[in-house]
Amino acid sequence: STSGIAGGRDRGKTQGDAAQVRMMNDYIQAIQNYLKDHGFEQLAPEAVLFDMDGVLFDSMRLHNESWQATAAAYNLEMLPDEPYTLEGCTSTLMINTLMKRTHQRQATPEELETIYTEKRRRFNVLPRPKRMPGAAEMLEKVGRDGLQRVVVTGSGQRSLLDRLQTAFPNVFRADLIVSSKDYTQGKPAPDPYLCGLKRTSLQPNQALVVENAPLGVEAAVKAGIFTIAVNTGPLPDEALRERGADLLFPSMQALATHWEEIRAAIATCAPTK
């Protein structure tokens, strides 16, 4: 009957409204927990700091393939998902992890240079990584809201850093791209994100971070920044939650879709004047 159809629609709308309320409450709770944990009065973002690989570019499968092939070429023992679990660390840390496991020692400077050169070579002959679905929409929304857009990456892969400007034209100022050349201690140390804050002259509670890697999440949390994780790889959600992610989304597209609700939750948590 017509009334049955209408009743079904009403129930569907009610369930949808309830889910929306639950979602908003989750966002508000996450923000309140962050403020309490870090001793801030409010979250007042003026910038969003984006990781690059696995956030802006769908490049982690290519990094995994090139690292695995390089490790095999040098008879270094690498675990199946290691490029994902160690994503964001410096190449020195990655190579030394493999050297310690295989040879119980650190790599020499010559070995570091030779092995990473080979990794870069293998990466650069693979197909060019595409933009992560949802990344362009997310960047557009952030820009429309008047927030600065910053890249903070553990990568020193020149081909990808150069491609930021062609894949996302007129989005990133050159001085707001922080790469592995700009700090000594890589992720999970907070230094990369502290460097990003310094470039924007902002305090931790004046920024948000978007990360897909466990070490990157840990680095951002240590820097005191509200951290949104996007699980774009093969690792379980828990790998990101246990490092302290404040919010977790299954993709960049999902984050872009819910950006307005996140902004509304932030506004709801602002102190009343």
# chains A, B, ... in the order shown; residues from 1 in each chain; ligands from 1
>>> closest_atom_pairs(of="range 69-183 of chain A", to="range 41-55 of chain A", cutoff="7 Å", atoms="only C-alpha atoms", output="JSON lines")
{"residue": "A:Met132", "atom": "CA", "partner": "A:Val55", "partner_atom": "CA", "distance": 6.4}
{"residue": "A:Leu147", "atom": "CA", "partner": "A:Ala47", "partner_atom": "CA", "distance": 4.7}
{"residue": "A:Gln148", "atom": "CA", "partner": "A:Ala47", "partner_atom": "CA", "distance": 4.3}
{"residue": "A:Arg149", "atom": "CA", "partner": "A:Val48", "partner_atom": "CA", "distance": 5.4}
{"residue": "A:Val150", "atom": "CA", "partner": "A:Leu49", "partner_atom": "CA", "distance": 4.7}
{"residue": "A:Val151", "atom": "CA", "partner": "A:Phe50", "partner_atom": "CA", "distance": 4.8}
{"residue": "A:Val152", "atom": "CA", "partner": "A:Asp51", "partner_atom": "CA", "distance": 5.1}
{"residue": "A:Thr153", "atom": "CA", "partner": "A:Asp51", "partner_atom": "CA", "distance": 5.2}
>>> write_last_selection(atoms="C-alpha atoms", output="PDB file, in the first residue's frame")
ATOM      1  CA  MET A 132      44.238   8.948  -4.637  1.00  0.00           C
ATOM      2  CA  LEU A 147      42.840  26.649   5.366  1.00  0.00           C
ATOM      3  CA  GLN A 148      46.477  26.306   4.326  1.00  0.00           C
ATOM      4  CA  ARG A 149      47.342  23.052   2.534  1.00  0.00           C
ATOM      5  CA  VAL A 150      50.671  21.535   3.551  1.00  0.00           C
ATOM      6  CA  VAL A 151      52.468  18.318   2.551  1.00  0.00           C
ATOM      7  CA  VAL A 152      54.527  16.492   5.194  1.00  0.00           C
ATOM      8  CA  THR A 153      56.127  13.369   3.755  1.00  0.00           C
TER       9      THR A 153
END
>>> select_by_dssp(residues="range 45-99 of chain A", states="helix (DSSP H, G or I)", output="PyMOL selection string")
chain A and resi 60-73+82-85+91-99
>>> residues_around(residues="Thr102 in chain A", least_positions_apart="6", cutoff="10 Å", atoms="only C-alpha atoms", output="JSON, numbers by chain")
{"A": [75, 76, 77, 78, 96]}
>>> write_last_selection(atoms="N, CA and C atoms", output="PDB file, in the first residue's frame")
ATOM      1  N   ASN A  75      69.647  -9.575  -1.318  1.00  0.00           N
ATOM      2  CA  ASN A  75      69.527 -10.684  -0.360  1.00  0.00           C
ATOM      3  C   ASN A  75      69.264 -10.201   1.068  1.00  0.00           C
ATOM      4  N   LEU A  76      68.400  -9.209   1.179  1.00  0.00           N
ATOM      5  CA  LEU A  76      67.991  -8.682   2.482  1.00  0.00           C
ATOM      6  C   LEU A  76      66.598  -9.214   2.806  1.00  0.00           C
ATOM      7  N   GLU A  77      66.415  -9.631   4.044  1.00  0.00           N
ATOM      8  CA  GLU A  77      65.135 -10.233   4.446  1.00  0.00           C
ATOM      9  C   GLU A  77      64.126  -9.142   4.788  1.00  0.00           C
ATOM     10  N   MET A  78      63.052  -9.087   4.003  1.00  0.00           N
ATOM     11  CA  MET A  78      61.991  -8.097   4.222  1.00  0.00           C
ATOM     12  C   MET A  78      60.676  -8.824   4.446  1.00  0.00           C
ATOM     13  N   ASN A  96      68.423   0.023   7.353  1.00  0.00           N
ATOM     14  CA  ASN A  96      69.079  -0.500   8.561  1.00  0.00           C
ATOM     15  C   ASN A  96      68.239  -1.576   9.241  1.00  0.00           C
TER      16      ASN A  96
END
>>> residues_around(residues="Ser155 in chain A", least_positions_apart="3", cutoff="10 Å", atoms="only C-alpha atoms", output="PyMOL selection string")
chain A and resi 51-53+87-91+152+158+160-161+178-181+186
>>> write_last_selection(atoms="all heavy atoms", output="tab-separated table (two decimals), in the first residue's frame")
chain	number	residue	atom	x	y	z
A	51	ASP	N	49.97	13.86	4.60
A	51	ASP	CA	51.00	12.95	4.15
A	51	ASP	C	50.83	12.81	2.63
A	51	ASP	O	49.78	13.18	2.08
A	51	ASP	CB	50.82	11.60	4.85
A	51	ASP	CG	51.82	10.56	4.41
A	51	ASP	OD1	52.98	10.93	4.14
A	51	ASP	OD2	51.45	9.37	4.32
A	52	MET	N	51.84	12.28	1.93
A	52	MET	CA	51.76	12.20	0.47
A	52	MET	C	51.42	10.79	-0.02
A	52	MET	O	50.35	10.57	-0.60
A	52	MET	CB	53.08	12.67	-0.16
A	52	MET	CG	53.06	12.67	-1.68
A	52	MET	SD	54.55	13.39	-2.42
A	52	MET	CE	55.78	12.16	-1.97
A	53	ASP	N	52.32	9.83	0.21
A	53	ASP	CA	52.10	8.46	-0.28
A	53	ASP	C	50.94	7.81	0.48
A	53	ASP	O	50.92	7.81	1.71
A	53	ASP	CB	53.36	7.61	-0.10
A	53	ASP	CG	54.49	8.08	-1.00
A	53	ASP	OD1	54.30	8.05	-2.23
A	53	ASP	OD2	55.56	8.47	-0.48
A	87	GLU	N	56.08	2.55	6.63
A	87	GLU	CA	55.86	3.69	5.74
A	87	GLU	C	56.03	5.00	6.51
A	87	GLU	O	55.54	5.15	7.62
A	87	GLU	CB	54.45	3.64	5.14
A	87	GLU	CG	54.20	4.77	4.16
A	87	GLU	CD	52.73	4.99	3.86
A	87	GLU	OE1	51.92	4.10	4.14
A	87	GLU	OE2	52.42	6.07	3.35
A	88	GLY	N	56.73	5.94	5.86
A	88	GLY	CA	56.93	7.24	6.48
A	88	GLY	C	58.29	7.39	7.12
A	88	GLY	O	58.75	8.51	7.35
A	89	CYS	N	58.95	6.27	7.42
A	89	CYS	CA	60.29	6.36	8.00
A	89	CYS	C	61.29	6.76	6.91
A	89	CYS	O	61.00	6.68	5.72
A	89	CYS	CB	60.70	5.04	8.64
A	89	CYS	SG	61.16	3.73	7.47
A	90	THR	N	62.47	7.17	7.31
A	90	THR	CA	63.51	7.51	6.34
A	90	THR	C	64.02	6.24	5.67
A	90	THR	O	63.90	5.14	6.22
A	90	THR	CB	64.69	8.22	7.02
A	90	THR	OG1	65.25	7.33	8.00
A	90	THR	CG2	64.24	9.51	7.70
A	91	SER	N	64.62	6.40	4.49
A	91	SER	CA	65.20	5.25	3.80
A	91	SER	C	66.32	4.62	4.64
A	91	SER	O	66.51	3.41	4.62
A	91	SER	CB	65.74	5.67	2.43
A	91	SER	OG	66.72	6.68	2.56
A	152	VAL	N	53.46	16.94	4.29
A	152	VAL	CA	54.53	16.49	5.19
A	152	VAL	C	54.77	15.02	4.89
A	152	VAL	O	53.95	14.17	5.22
A	152	VAL	CB	54.15	16.68	6.68
A	152	VAL	CG1	55.26	16.15	7.58
A	152	VAL	CG2	53.88	18.15	6.98
A	158	ARG	N	62.12	12.25	-5.60
A	158	ARG	CA	62.00	13.50	-6.36
A	158	ARG	C	60.88	13.45	-7.38
A	158	ARG	O	60.15	14.42	-7.59
A	158	ARG	CB	63.34	13.75	-7.07
A	158	ARG	CG	63.54	15.15	-7.60
A	158	ARG	CD	63.72	16.16	-6.49
A	158	ARG	NE	62.54	17.03	-6.36
A	158	ARG	CZ	62.32	17.84	-5.34
A	158	ARG	NH1	63.15	17.88	-4.33
A	158	ARG	NH2	61.25	18.60	-5.30
A	160	LEU	N	58.02	11.97	-7.30
A	160	LEU	CA	56.70	12.20	-6.70
A	160	LEU	C	56.57	13.64	-6.21
A	160	LEU	O	55.52	14.27	-6.38
A	160	LEU	CB	56.47	11.24	-5.54
A	160	LEU	CG	55.85	9.88	-5.89
A	160	LEU	CD1	55.69	9.04	-4.63
A	160	LEU	CD2	54.50	10.04	-6.57
A	161	LEU	N	57.63	14.16	-5.60
A	161	LEU	CA	57.56	15.53	-5.09
A	161	LEU	C	57.32	16.51	-6.24
A	161	LEU	O	56.52	17.44	-6.11
A	161	LEU	CB	58.86	15.87	-4.34
A	161	LEU	CG	59.07	15.11	-3.02
A	161	LEU	CD1	60.49	15.31	-2.51
A	161	LEU	CD2	58.07	15.55	-1.97
A	178	VAL	N	57.04	19.72	2.94
A	178	VAL	CA	58.10	19.25	3.84
A	178	VAL	C	58.43	17.81	3.46
A	178	VAL	O	57.56	16.95	3.49
A	178	VAL	CB	57.64	19.31	5.32
A	178	VAL	CG1	58.70	18.75	6.25
A	178	VAL	CG2	57.27	20.73	5.71
A	179	SER	N	59.69	17.57	3.08
A	179	SER	CA	60.11	16.21	2.69
A	179	SER	C	61.27	15.75	3.58
A	179	SER	O	61.71	16.49	4.47
A	179	SER	CB	60.53	16.19	1.22
A	179	SER	OG	61.81	16.79	1.07
A	180	SER	N	61.77	14.55	3.31
A	180	SER	CA	62.81	13.96	4.16
A	180	SER	C	64.10	14.79	4.18
A	180	SER	O	64.93	14.61	5.08
A	180	SER	CB	63.13	12.54	3.70
A	180	SER	OG	63.62	12.54	2.37
A	181	LYS	N	64.26	15.70	3.24
A	181	LYS	CA	65.45	16.56	3.21
A	181	LYS	C	65.37	17.67	4.26
A	181	LYS	O	66.37	18.35	4.52
A	181	LYS	CB	65.60	17.21	1.82
A	181	LYS	CG	65.58	16.25	0.65
A	181	LYS	CD	66.87	15.45	0.53
A	181	LYS	CE	66.95	14.66	-0.76
A	181	LYS	NZ	65.99	13.56	-0.86
A	186	GLY	N	63.11	11.17	11.22
A	186	GLY	CA	61.88	10.94	10.48
A	186	GLY	C	60.77	10.37	11.34
A	186	GLY	O	60.96	10.12	12.53
>>> closest_atom_pairs(of="range 92-141 of chain A", to="range 214-237 of chain A", cutoff="12 Å", atoms="only C-alpha atoms", output="tab-separated table")
residue	atom	partner	partner_atom	distance
A:Met132	CA	A:Thr232	CA	9.0
A:Pro133	CA	A:Thr232	CA	10.1
A:Gly134	CA	A:Val230	CA	11.1
A:Ala135	CA	A:Val230	CA	11.1
>>> closest_residue(among="A:Glu140, A:Ala73, A:Pro271, A:Tyr116", to="Pro169 in chain A", atoms="only C-alpha atoms")
A:Glu140
>>> atom_distance(atom1="CA of Pro83 in chain A", atom2="CA of Cys195 in chain A")
23.7 Å
>>> select_by_dssp(residues="range 50-197 of chain A", states="strand (DSSP E or B)", output="count of residues only")
11
>>> atom_distance(atom1="CA of Gly143 in chain A", atom2="CA of Leu247 in chain A")
20.8 Å
